[in-house]
$ cat upload.csv   # CSV, C-alpha atoms
chain,number,residue,atom,x,y,z
A,1,MET,CA,1.6,-11.8,6.7
A,2,LYS,CA,0.5,-13.2,10.0
A,3,ASP,CA,-2.9,-11.5,10.0
A,4,LYS,CA,-4.1,-12.5,6.6
A,5,GLN,CA,-7.7,-13.0,7.7
A,6,HIS,CA,-8.0,-9.2,8.3
A,7,TYR,CA,-6.7,-8.3,4.8
A,8,LEU,CA,-9.7,-8.8,2.6
A,9,VAL,CA,-12.0,-5.9,3.5
A,10,PRO,CA,-9.2,-3.2,3.9
A,11,VAL,CA,-7.4,-4.3,0.7
A,12,LEU,CA,-10.7,-4.2,-1.3
A,13,ALA,CA,-11.7,-0.9,0.2
A,14,GLY,CA,-8.3,0.7,-0.5
A,15,GLY,CA,-8.1,-0.8,-4.0
A,16,VAL,CA,-11.6,0.2,-5.0
A,17,LEU,CA,-11.1,3.7,-3.6
A,18,ALA,CA,-7.9,4.2,-5.5
A,19,ALA,CA,-9.4,2.8,-8.7
A,20,VAL,CA,-12.5,5.0,-8.5
A,21,LEU,CA,-10.6,8.1,-7.8
A,22,SER,CA,-8.1,7.3,-10.5
A,23,ALA,CA,-10.9,6.8,-13.0
A,24,ILE,CA,-12.8,10.0,-12.4
A,25,PRO,CA,-11.8,12.7,-14.9
A,26,ILE,CA,-10.0,15.8,-13.4
A,27,VAL,CA,-9.9,14.1,-10.0
A,28,ASN,CA,-7.5,11.6,-11.5
A,29,TYR,CA,-5.0,14.4,-12.1
A,30,CYS,CA,-3.9,13.9,-8.5
A,31,ASN,CA,-2.3,10.7,-9.7
A,32,LEU,CA,0.3,12.9,-11.4
A,33,ILE,CA,1.7,13.6,-7.9
A,34,PHE,CA,3.6,10.4,-7.4
A,35,CYS,CA,0.5,8.3,-8.1
A,36,MET,CA,-1.3,9.9,-5.1
A,37,TRP,CA,-4.6,8.1,-5.2
A,38,MET,CA,-2.7,4.8,-5.2
A,39,LEU,CA,-0.6,5.8,-2.3
A,40,LEU,CA,-3.8,6.9,-0.5
A,41,GLY,CA,-5.6,3.7,-1.2
A,42,ALA,CA,-2.8,1.6,0.0
A,43,GLY,CA,-2.4,3.8,3.0
A,44,LEU,CA,-6.1,3.4,3.9
A,45,ALA,CA,-5.8,-0.4,3.6
A,46,VAL,CA,-2.7,-0.4,5.9
A,47,LYS,CA,-4.5,1.9,8.4
A,48,LEU,CA,-7.6,-0.3,8.5
A,49,VAL,CA,-5.5,-3.5,9.1
A,50,GLN,CA,-3.4,-1.6,11.7
A,51,ASP,CA,-6.5,-0.6,13.6
A,52,LYS,CA,-7.6,-4.2,13.7
A,53,THR,CA,-4.4,-6.0,14.4
A,54,ASN,CA,-1.9,-3.4,15.6
A,55,THR,CA,1.0,-5.5,14.3
A,56,VAL,CA,1.6,-4.1,10.8
A,57,ASP,CA,5.3,-3.5,10.2
A,58,GLY,CA,7.1,-2.2,7.1
A,59,LYS,CA,7.2,-5.6,5.4
A,60,GLU,CA,3.6,-6.3,6.0
A,61,GLY,CA,2.6,-2.8,5.1
A,62,ALA,CA,4.3,-3.2,1.7
A,63,MET,CA,2.6,-6.5,1.1
A,64,ILE,CA,-0.8,-5.0,2.0
A,65,GLY,CA,0.0,-2.1,-0.4
A,66,LEU,CA,1.0,-4.5,-3.1
A,67,LEU,CA,-2.3,-6.4,-2.8
A,68,THR,CA,-4.2,-3.1,-2.8
A,69,GLY,CA,-2.3,-2.0,-5.9
A,70,LEU,CA,-3.1,-5.4,-7.6
A,71,VAL,CA,-6.8,-4.9,-6.8
A,72,THR,CA,-6.7,-1.4,-8.3
A,73,GLY,CA,-4.8,-2.7,-11.3
A,74,GLY,CA,-7.4,-5.5,-11.7
A,75,LEU,CA,-10.2,-3.0,-11.6
A,76,PHE,CA,-8.4,-0.9,-14.3
A,77,ALA,CA,-8.0,-4.1,-16.3
A,78,VAL,CA,-11.8,-4.6,-16.2
A,79,LEU,CA,-12.2,-1.0,-17.2
A,80,TYR,CA,-9.9,-1.5,-20.2
A,81,LEU,CA,-11.8,-4.7,-21.2
A,82,LEU,CA,-15.1,-2.8,-21.0
A,83,MET,CA,-13.7,0.0,-23.1
A,84,PHE,CA,-12.5,-2.5,-25.6
A,85,LEU,CA,-16.0,-4.2,-25.7
A,86,ILE,CA,-17.8,-0.9,-26.0
A,87,PHE,CA,-15.5,1.2,-28.2
A,88,GLY,CA,-13.2,-1.4,-29.6
A,89,ALA,CA,-15.0,-2.1,-32.8
A,90,ALA,CA,-15.0,1.6,-33.7
A,91,MET,CA,-11.3,1.8,-33.2
A,92,ILE,CA,-10.3,-1.3,-35.2
A,93,PRO,CA,-8.8,-0.3,-38.5
A,94,GLY,CA,-10.6,-1.7,-41.5
A,95,ALA,CA,-13.8,-2.6,-39.5
A,96,ALA,CA,-15.7,0.4,-40.7
A,97,ALA,CA,-14.7,-0.2,-44.4
A,98,GLY,CA,-15.8,-3.9,-44.1
A,99,GLU,CA,-12.4,-5.3,-44.9
A,100,VAL,CA,-12.4,-8.8,-43.3
A,101,GLU,CA,-8.6,-9.2,-43.2
A,102,GLY,CA,-8.0,-5.7,-41.9
A,103,ALA,CA,-10.7,-6.0,-39.3
A,104,LEU,CA,-9.3,-9.4,-38.1
A,105,GLY,CA,-5.8,-8.0,-37.8
A,106,GLY,CA,-7.2,-4.9,-36.1
A,107,THR,CA,-9.1,-7.1,-33.6
A,108,VAL,CA,-6.0,-9.1,-32.7
A,109,MET,CA,-4.1,-5.8,-32.3
A,110,MET,CA,-6.8,-4.4,-30.1
A,111,LEU,CA,-6.9,-7.5,-28.0
A,112,VAL,CA,-3.1,-7.5,-27.6
A,113,ILE,CA,-3.3,-3.8,-26.5
A,114,THR,CA,-6.1,-4.5,-24.1
A,115,VAL,CA,-4.5,-7.5,-22.5
A,116,GLY,CA,-1.1,-5.9,-22.4
A,117,SER,CA,-2.6,-2.8,-20.8
A,118,CYS,CA,-4.2,-5.0,-18.1
A,119,PHE,CA,-0.8,-6.6,-17.3
A,120,VAL,CA,1.0,-3.3,-17.3
A,121,ALA,CA,-1.7,-1.7,-15.0
A,122,LEU,CA,-1.2,-4.6,-12.5
A,123,PHE,CA,2.6,-4.0,-12.6
A,124,ALA,CA,2.4,-0.2,-12.2
A,125,PHE,CA,-0.3,0.0,-9.6
A,126,GLY,CA,1.1,-2.9,-7.7
A,127,GLY,CA,4.5,-1.2,-7.5
A,128,PHE,CA,3.1,2.1,-6.3
A,129,GLY,CA,0.7,0.3,-3.9
A,130,ALA,CA,3.7,-1.4,-2.3
A,131,LEU,CA,5.4,1.9,-1.8
A,132,GLY,CA,2.2,3.5,-0.4
A,133,GLY,CA,1.8,0.6,2.0
A,134,LEU,CA,5.3,0.9,3.2
A,135,LEU,CA,5.0,4.6,3.7
A,136,ALA,CA,1.7,4.1,5.6
A,137,SER,CA,3.3,1.6,7.9
A,138,MET,CA,5.8,4.3,8.8
A,139,ILE,CA,3.1,6.9,9.3
A,140,PHE,CA,0.8,4.5,11.3
A,141,PRO,CA,3.1,2.4,13.4
A,142,PRO,CA,1.8,-0.2,15.8
A,143,LYS,CA,0.7,1.3,19.0
A,144,ASN,CA,3.0,0.4,21.9
A,145,ASP,CA,1.1,-2.3,23.6
A,146,ASP,CA,3.5,-3.1,26.4
A,147,ALA,CA,0.7,-1.9,28.8
A,148,GLY,CA,-1.4,-4.8,27.7
A,149,GLY,CA,-0.4,-6.9,30.7
A,150,GLY,CA,-0.7,-4.2,33.2
A,151,GLY,CA,-4.1,-2.9,32.4
A,152,GLY,CA,-4.9,0.6,31.1
A,153,GLY,CA,-5.8,-0.1,27.6
A,154,GLY,CA,-4.6,-3.6,27.1
A,155,PHE,CA,-6.7,-6.5,26.4
A,156,ALA,CA,-7.7,-8.6,29.4
A,157,GLN,CA,-6.6,-12.2,29.0
A,158,ALA,CA,-9.5,-14.6,29.4
A,159,PRO,CA,-8.8,-17.9,30.9
A,160,SER,CA,-9.3,-21.0,28.8
A,161,ALA,CA,-12.2,-22.2,30.9
A,162,PRO,CA,-14.6,-20.6,33.4
A,163,GLY,CA,-13.7,-20.9,37.0
A,164,PHE,CA,-9.9,-20.5,36.8
A,165,GLY,CA,-9.7,-16.7,36.9
A,166,GLN,CA,-9.3,-14.5,39.8
A,167,PRO,CA,-12.5,-13.0,41.2
A,168,PRO,CA,-12.7,-9.2,41.0
A,169,GLY,CA,-11.9,-8.7,44.6
A,170,GLY,CA,-8.5,-10.4,44.4
A,171,PRO,CA,-7.3,-13.7,45.7
A,172,GLY,CA,-9.0,-13.3,49.0
A,173,ALA,CA,-12.5,-12.7,47.7
A,174,PRO,CA,-14.9,-15.6,47.3
A,175,PRO,CA,-15.2,-17.0,43.9
A,176,ALA,CA,-18.6,-16.7,42.1
A,177,GLY,CA,-19.7,-20.1,43.0
A,178,GLY,CA,-21.4,-19.9,46.4
A,179,PHE,CA,-18.3,-20.4,48.6
A,180,GLY,CA,-17.9,-18.1,51.6
A,181,PRO,CA,-20.4,-15.9,53.3
A,182,PRO,CA,-21.9,-12.9,51.5
A,183,PRO,CA,-20.8,-9.4,52.7
A,184,GLY,CA,-24.1,-9.0,54.6
A,185,GLY,CA,-22.8,-11.4,57.2
A,186,PRO,CA,-22.8,-15.1,57.7
A,187,GLY,CA,-26.5,-15.1,58.7
A,188,ALA,CA,-27.8,-13.4,55.6
A,189,PRO,CA,-29.2,-15.8,53.0
A,190,PRO,CA,-27.2,-15.8,49.8
A,191,ALA,CA,-29.1,-14.5,46.8
A,192,GLY,CA,-29.7,-17.5,44.7
A,193,GLY,CA,-26.9,-19.4,46.2
A,194,PHE,CA,-24.2,-17.3,44.8
A,195,GLY,CA,-21.9,-15.1,46.9
A,196,GLN,CA,-21.8,-11.4,46.2
A,197,PRO,CA,-18.6,-9.7,45.2
A,198,PRO,CA,-17.3,-7.5,47.9
A,199,SER,CA,-18.4,-3.9,47.7
A,200,GLY,CA,-14.9,-2.5,47.3
A,201,GLY,CA,-14.0,-4.9,44.5
A,202,GLY,CA,-15.8,-3.3,41.7
A,203,GLN,CA,-17.7,-4.9,39.0
A,204,PRO,CA,-16.0,-7.3,36.7
A,205,PRO,CA,-15.3,-6.0,33.2
A,206,GLY,CA,-17.9,-6.9,30.6
A,207,GLY,CA,-20.8,-6.6,32.9
A,208,GLY,CA,-20.5,-9.7,35.0
A,209,SER,CA,-17.8,-11.8,33.6
A,210,PRO,CA,-16.9,-14.5,36.1
A,211,TRP,CA,-13.2,-13.9,35.8
A,212,GLY,CA,-11.4,-10.8,36.6
A,213,GLN,CA,-8.9,-8.8,34.7
B,1,MET,CA,21.1,-14.5,-0.4
B,2,ARG,CA,17.4,-13.9,0.3
B,3,ARG,CA,18.0,-10.2,0.2
B,4,VAL,CA,19.6,-10.4,-3.2
B,5,GLY,CA,16.7,-12.3,-4.6
B,6,VAL,CA,14.0,-10.0,-3.2
B,7,ALA,CA,15.9,-6.8,-4.1
B,8,GLY,CA,16.6,-8.2,-7.6
B,9,ALA,CA,12.9,-9.1,-8.0
B,10,ILE,CA,11.8,-5.6,-7.0
B,11,ALA,CA,14.4,-4.0,-9.2
B,12,ALA,CA,13.3,-6.2,-12.1
B,13,TRP,CA,9.6,-5.3,-11.4
B,14,PHE,CA,10.3,-1.5,-11.6
B,15,ALA,CA,12.7,-2.0,-14.5
B,16,VAL,CA,9.9,-3.6,-16.5
B,17,ILE,CA,7.8,-0.5,-15.8
B,18,ALA,CA,10.7,1.9,-16.7
B,19,ILE,CA,11.3,0.0,-20.0
B,20,LEU,CA,7.6,0.1,-20.8
B,21,ALA,CA,7.6,3.8,-20.2
B,22,ALA,CA,10.4,4.1,-22.7
B,23,ALA,CA,8.7,1.8,-25.3
B,24,PRO,CA,7.4,4.6,-27.5
B,25,VAL,CA,11.0,5.7,-28.1
B,26,PHE,CA,12.7,2.4,-28.8
B,27,ALA,CA,9.6,0.7,-30.4
B,28,PRO,CA,7.5,3.5,-31.8
B,29,ASP,CA,4.3,2.6,-33.7
B,30,THR,CA,4.0,-0.8,-32.1
B,31,ALA,CA,1.4,-2.3,-29.8
B,32,LEU,CA,3.8,-1.9,-26.9
B,33,ALA,CA,4.1,1.8,-27.5
B,34,ILE,CA,0.3,2.1,-27.5
B,35,ILE,CA,0.0,0.0,-24.3
B,36,ALA,CA,2.5,2.3,-22.6
B,37,ARG,CA,0.7,5.4,-23.7
B,38,VAL,CA,-2.7,4.0,-22.5
B,39,VAL,CA,-1.6,2.8,-19.1
B,40,PHE,CA,0.7,5.7,-18.2
B,41,SER,CA,-1.9,8.2,-19.2
B,42,GLY,CA,-3.5,7.4,-15.9
B,43,LEU,CA,-0.3,8.0,-14.0
B,44,CYS,CA,1.3,10.9,-15.8
B,45,HIS,CA,0.2,14.1,-17.7
B,46,GLN,CA,2.4,13.1,-20.7
B,47,ILE,CA,2.8,16.8,-21.7
B,48,PRO,CA,5.2,16.7,-24.7
B,49,GLU,CA,7.1,19.9,-23.6
B,50,ARG,CA,7.9,18.2,-20.3
B,51,SER,CA,8.9,14.8,-21.7
B,52,PHE,CA,12.1,13.5,-23.0
B,53,GLY,CA,12.2,12.2,-26.5
B,54,HIS,CA,14.5,11.0,-29.3
B,55,ASP,CA,14.1,11.3,-33.0
B,56,GLY,CA,10.6,12.8,-32.7
B,57,HIS,CA,9.3,10.0,-30.4
B,58,LEU,CA,8.5,10.9,-26.8
B,59,LEU,CA,8.6,8.7,-23.7
B,60,ALA,CA,5.2,7.7,-22.4
B,61,VAL,CA,5.9,9.6,-19.2
B,62,CYS,CA,7.2,13.1,-18.3
B,63,ALA,CA,10.9,13.8,-17.3
B,64,ARG,CA,10.1,13.6,-13.6
B,65,CYS,CA,8.2,10.3,-13.9
B,66,ALA,CA,11.0,8.9,-16.1
B,67,GLY,CA,13.5,9.8,-13.4
B,68,ILE,CA,11.3,8.3,-10.7
B,69,TYR,CA,10.9,5.0,-12.6
B,70,ALA,CA,14.6,4.8,-13.3
B,71,GLY,CA,15.3,5.4,-9.6
B,72,LEU,CA,12.8,2.8,-8.5
B,73,ALA,CA,14.5,0.3,-10.7
B,74,LEU,CA,18.0,1.1,-9.4
B,75,GLY,CA,17.2,1.7,-5.7
B,76,PRO,CA,16.6,-1.9,-4.8
B,77,LEU,CA,20.1,-2.8,-5.9
B,78,LEU,CA,21.5,-0.4,-3.2
B,79,ALA,CA,19.5,-2.4,-0.6
B,80,ILE,CA,21.6,-5.4,-1.4
B,81,ALA,CA,24.8,-3.7,-0.2
B,82,HIS,CA,23.3,-1.5,2.5
B,83,PRO,CA,19.7,-2.0,3.7
B,84,LEU,CA,18.0,1.0,5.3
B,85,ALA,CA,15.5,1.0,8.2
B,86,PRO,CA,12.3,1.6,6.2
B,87,ARG,CA,10.3,3.1,9.1
B,88,ARG,CA,12.7,5.8,9.8
B,89,ALA,CA,11.1,9.0,8.6
B,90,ARG,CA,14.5,10.6,7.9
B,91,TRP,CA,15.1,8.4,4.8
B,92,TRP,CA,11.7,9.3,3.3
B,93,VAL,CA,12.4,13.0,4.0
B,94,ILE,CA,15.9,12.8,2.4
B,95,GLY,CA,14.4,11.1,-0.6
B,96,ALA,CA,11.4,13.5,-1.1
B,97,VAL,CA,12.9,16.9,-0.1
B,98,PRO,CA,14.9,17.6,-3.3
B,99,MET,CA,11.9,16.8,-5.5
B,100,ALA,CA,9.5,18.9,-3.4
B,101,THR,CA,12.0,21.7,-3.3
B,102,GLN,CA,12.4,21.7,-7.1
B,103,VAL,CA,8.6,21.7,-7.5
B,104,LEU,CA,8.3,24.6,-5.1
B,105,LEU,CA,11.2,26.6,-6.7
B,106,ALA,CA,9.9,26.0,-10.2
B,107,TRP,CA,6.6,27.7,-9.1
B,108,ILE,CA,8.4,30.6,-7.7
B,109,TRP,CA,11.2,30.9,-10.3
B,110,PRO,CA,10.1,29.2,-13.6
B,111,ALA,CA,13.7,29.4,-14.9
B,112,LEU,CA,14.4,26.5,-12.6
B,113,ASP,CA,11.8,24.3,-14.2
B,114,LEU,CA,14.4,22.4,-16.2
B,115,GLY,CA,13.8,19.0,-17.6
B,116,TRP,CA,17.1,17.5,-16.4
B,117,LEU,CA,16.5,18.9,-12.9
B,118,ARG,CA,13.1,17.4,-12.8
B,119,ALA,CA,14.5,14.0,-13.9
B,120,LEU,CA,17.4,14.2,-11.5
B,121,THR,CA,15.2,15.0,-8.5
B,122,GLY,CA,12.9,12.3,-9.7
B,123,ILE,CA,15.7,9.8,-9.8
B,124,TRP,CA,16.7,10.7,-6.3
B,125,ALA,CA,13.2,10.2,-5.0
B,126,GLY,CA,12.8,7.0,-6.8
B,127,LEU,CA,16.1,5.7,-5.7
B,128,PHE,CA,15.1,6.1,-2.0
B,129,GLY,CA,11.7,4.7,-2.7
B,130,GLY,CA,13.1,1.5,-4.3
B,131,TRP,CA,15.9,1.3,-1.7
B,132,LEU,CA,13.4,1.5,1.2
B,133,LEU,CA,10.9,-0.9,-0.4
B,134,ALA,CA,13.6,-3.5,-1.0
B,135,SER,CA,15.0,-3.0,2.5
B,136,ALA,CA,11.6,-3.6,4.0
B,137,LEU,CA,10.7,-6.6,1.9
B,138,SER,CA,14.1,-8.3,2.2
B,139,ALA,CA,14.7,-7.8,5.9
B,140,PRO,CA,13.8,-10.5,8.5
B,141,ARG,CA,10.6,-9.6,10.4
B,142,GLU,CA,12.2,-9.2,13.8
B,143,THR,CA,14.7,-6.6,12.4
B,144,LEU,CA,11.8,-4.5,11.2
B,145,ASP,CA,9.9,-4.8,14.5
B,146,ARG,CA,12.9,-3.4,16.4
B,147,ALA,CA,13.2,-0.4,14.1
B,148,PRO,CA,11.6,2.7,15.7
B,149,ALA,CA,8.8,4.4,13.8
B,150,SER,CA,10.4,7.8,13.7
B,151,ALA,CA,13.9,9.2,13.1

$ encode --input "upload.csv" --output "structure tokens"
Amino acid sequence: MKDKQHYLVPVLAGGVLAAVLSAIPIVNYCNLIFCMWMLLGAGLAVKLVQDKTNTVDGKEGAMIGLLTGLVTGGLFAVLYLLMFLIFGAAMIPGAAAGEVEGALGGTVMMLVITVGSCFVALFAFGGFGALGGLLASMIFPPKNDDAGGGGGGGFAQAPSAPGFGQPPGGPGAPPAGGFGPPPGGPGAPPAGGFGQPPSGGGQPPGGGSPWGQ
Amino acid sequence: MRRVGVAGAIAAWFAVIAILAAAPVFAPDTALAIIARVVFSGLCHQIPERSFGHDGHLLAVCARCAGIYAGLALGPLLAIAHPLAPRRARWWVIGAVPMATQVLLAWIWPALDLGWLRALTGIWAGLFGGWLLASALSAPRETLDRAPASA
């Protein structure tokens, strides 16, 4: 779990998506197919993290899926608690008849069922989430970034401080600091004291970064 | 040693789920049975004709789901002896094909929609799911990074 800072939003998004889809009547029937919404939610979380970091392997995918499943299970736990608060009293045996002892026992029983359901939901959704995350890490593997050092899609490595990089024109080109004559000739006045990059060198990436690629 | 611990924990995790799914049979009319029915209603259709039972009490999940949970609980133990490369597509395909085939065949030929066959293909799929999950979580990171994404 080396890119934990990127987990929060994807895990929440995947967890909420899976919980919402699993809670909507009729739509939740898709969960009958190997807990499909949970797999999808975990897969979404892994895909989002993969897009950001490009380093998610099987282990990390499973962990992201597990966290997503725990979020879904947590949301279901909240749902169970709300159901208990809203409908619980009507379901407690003895409450309607006004029997205090029966109602007390019924309340304890309902609480046990609600809390137990919360824990079991965490277990079940967490397990399927881990599977979904692992499956997604197989479907969305990290892109091969061995071209990163050679350009063509890789990230340019910025130097630690300005002035140490290569100018766009290569080692022979004058650095952006006023050294060397501008391309117009030695007699031409430099614009603002800074040397121009040679015409063949192209523009530096990022619209004028002082260091090259 | 680490692999044994991780695989054991995953096996225990899914074993808890499998035992809970069976709670209505071994502990009927208890809070545990109600909890199982409530939670698994979101994960399984719980149709009585498609569920295993004993003495008039049915599992909280259907035959296929029961098989899947049993397989998920047993699969991680296989990872202790022989871990798989979890990002090789072939293992996922080998695990899923029998169940998918059974579902397809049962549509075409309903006589093949047998409870034991659903459970058996579910066990197979779950076995591979647990096996791959335990292999992924117990393997060192560099081993996984070297594994290619496809078969």

$ closest_atom_pairs --input "upload.csv" --of "chain B" --to "chain A" --cutoff "9 Å" --atoms "only C-alpha atoms" --output "CSV"
residue,atom,partner,partner_atom,distance
B:Ile10,CA,A:Gly127,CA,8.5
B:Trp13,CA,A:Phe123,CA,7.2
B:Phe14,CA,A:Gly127,CA,7.1
B:Val16,CA,A:Phe123,CA,8.3
B:Ile17,CA,A:Ala124,CA,6.5
B:Leu20,CA,A:Val120,CA,8.2
B:Ala31,CA,A:Ile113,CA,5.9
B:Leu32,CA,A:Ile113,CA,7.4
B:Ile34,CA,A:Ile113,CA,7.0
B:Ile35,CA,A:Ser117,CA,5.2
B:Ala36,CA,A:Ser117,CA,7.4
B:Val38,CA,A:Ser117,CA,7.0
B:Val39,CA,A:Ser117,CA,5.9
B:Phe40,CA,A:Ala121,CA,8.4
B:Gly42,CA,A:Ser22,CA,7.1
B:Leu43,CA,A:Asn31,CA,5.5
B:Cys44,CA,A:Leu32,CA,4.9
B:His45,CA,A:Leu32,CA,6.4
B:Cys65,CA,A:Phe34,CA,8.0
B:Ile68,CA,A:Phe34,CA,8.6
B:Pro86,CA,A:Gly58,CA,6.5
B:Arg87,CA,A:Met138,CA,4.7
B:Arg88,CA,A:Met138,CA,7.1
B:Ala89,CA,A:Met138,CA,7.1
B:Trp92,CA,A:Leu135,CA,8.2
B:Gly129,CA,A:Leu131,CA,7.0
B:Gly130,CA,A:Leu131,CA,8.1
B:Leu132,CA,A:Leu134,CA,8.4
B:Leu133,CA,A:Leu131,CA,6.3
B:Ser135,CA,A:Lys59,CA,8.7
B:Ala136,CA,A:Lys59,CA,5.0
B:Leu137,CA,A:Lys59,CA,5.0
B:Ser138,CA,A:Lys59,CA,8.1
B:Ala139,CA,A:Lys59,CA,7.8
B:Pro140,CA,A:Lys59,CA,8.8
B:Arg141,CA,A:Lys59,CA,7.2
B:Leu144,CA,A:Gly58,CA,6.6
B:Asp145,CA,A:Asp57,CA,6.4
B:Pro148,CA,A:Pro141,CA,8.8
B:Ala149,CA,A:Met138,CA,5.8
B:Ser150,CA,A:Met138,CA,7.6

$ residues_around --input "upload.csv" --residues "B:Ala79" --least-positions-apart "2" --cutoff "9 Å" --atoms "all atoms listed in the file" --output "MDAnalysis selection string"
chainID B and resid 3:4 7 75:77 81:84 130:135 138

$ atom_distance --input "upload.csv" --atom1 "atom CA of B:Trp124" --atom2 "atom CA of B:Arg64"
10.3 Å

$ atom_distance --input "upload.csv" --atom1 "atom CA of B:Leu127" --atom2 "atom CA of B:Gly67"
9.1 Å

$ closest_residue --input "upload.csv" --among "A:Leu85, A:Val108, A:Leu75, A:Val11" --to "A:Lys47" --atoms "all atoms listed in the file"
A:Val11

$ decode --input "upload.csv" --residues "stretch 53-72 of chain B" --atoms "N, CA and C atoms" --output "compact mmCIF listing (two decimals), in the first residue's frame"
# COMPACT_ATOMS: atom_id res chain seq x y z
N GLY B 53 -31.08 -27.81 2.51
CA GLY B 53 -31.67 -27.71 3.84
C GLY B 53 -31.57 -29.03 4.58
N HIS B 54 -31.91 -28.98 5.83
CA HIS B 54 -31.90 -30.19 6.64
C HIS B 54 -33.00 -30.07 7.69
N ASP B 55 -33.81 -31.08 7.74
CA ASP B 55 -34.86 -31.15 8.75
C ASP B 55 -35.81 -29.93 8.64
N GLY B 56 -36.08 -29.54 7.43
CA GLY B 56 -37.02 -28.43 7.22
C GLY B 56 -36.41 -27.05 7.35
N HIS B 57 -35.14 -26.98 7.69
CA HIS B 57 -34.48 -25.67 7.81
C HIS B 57 -33.51 -25.49 6.65
N LEU B 58 -33.63 -24.34 5.99
CA LEU B 58 -32.81 -24.07 4.80
C LEU B 58 -31.62 -23.19 5.12
N LEU B 59 -30.57 -23.34 4.33
CA LEU B 59 -29.42 -22.44 4.44
C LEU B 59 -29.87 -21.02 4.09
N ALA B 60 -29.08 -20.05 4.51
CA ALA B 60 -29.43 -18.66 4.22
C ALA B 60 -29.07 -18.27 2.79
N VAL B 61 -28.41 -19.18 2.07
CA VAL B 61 -28.02 -18.92 0.68
C VAL B 61 -28.40 -20.12 -0.18
N CYS B 62 -28.39 -19.91 -1.49
CA CYS B 62 -28.75 -20.98 -2.41
C CYS B 62 -27.59 -21.98 -2.53
N ALA B 63 -27.83 -23.05 -3.28
CA ALA B 63 -26.82 -24.12 -3.40
C ALA B 63 -25.53 -23.59 -4.02
N ARG B 64 -25.68 -22.75 -5.06
CA ARG B 64 -24.47 -22.24 -5.73
C ARG B 64 -23.67 -21.35 -4.79
N CYS B 65 -24.37 -20.45 -4.09
CA CYS B 65 -23.67 -19.56 -3.17
C CYS B 65 -23.02 -20.36 -2.04
N ALA B 66 -23.73 -21.39 -1.56
CA ALA B 66 -23.15 -22.23 -0.50
C ALA B 66 -21.85 -22.85 -0.98
N GLY B 67 -21.87 -23.33 -2.23
CA GLY B 67 -20.65 -23.89 -2.81
C GLY B 67 -19.54 -22.86 -2.92
N ILE B 68 -19.91 -21.67 -3.36
CA ILE B 68 -18.91 -20.60 -3.52
C ILE B 68 -18.27 -20.26 -2.17
N TYR B 69 -19.10 -20.13 -1.14
CA TYR B 69 -18.55 -19.78 0.18
C TYR B 69 -17.66 -20.90 0.73
N ALA B 70 -18.10 -22.14 0.50
CA ALA B 70 -17.27 -23.27 0.95
C ALA B 70 -15.94 -23.26 0.21
N GLY B 71 -15.99 -23.02 -1.09
CA GLY B 71 -14.76 -22.96 -1.88
C GLY B 71 -13.87 -21.82 -1.45
N LEU B 72 -14.47 -20.67 -1.18
CA LEU B 72 -13.67 -19.51 -0.74
C LEU B 72 -12.98 -19.77 0.59
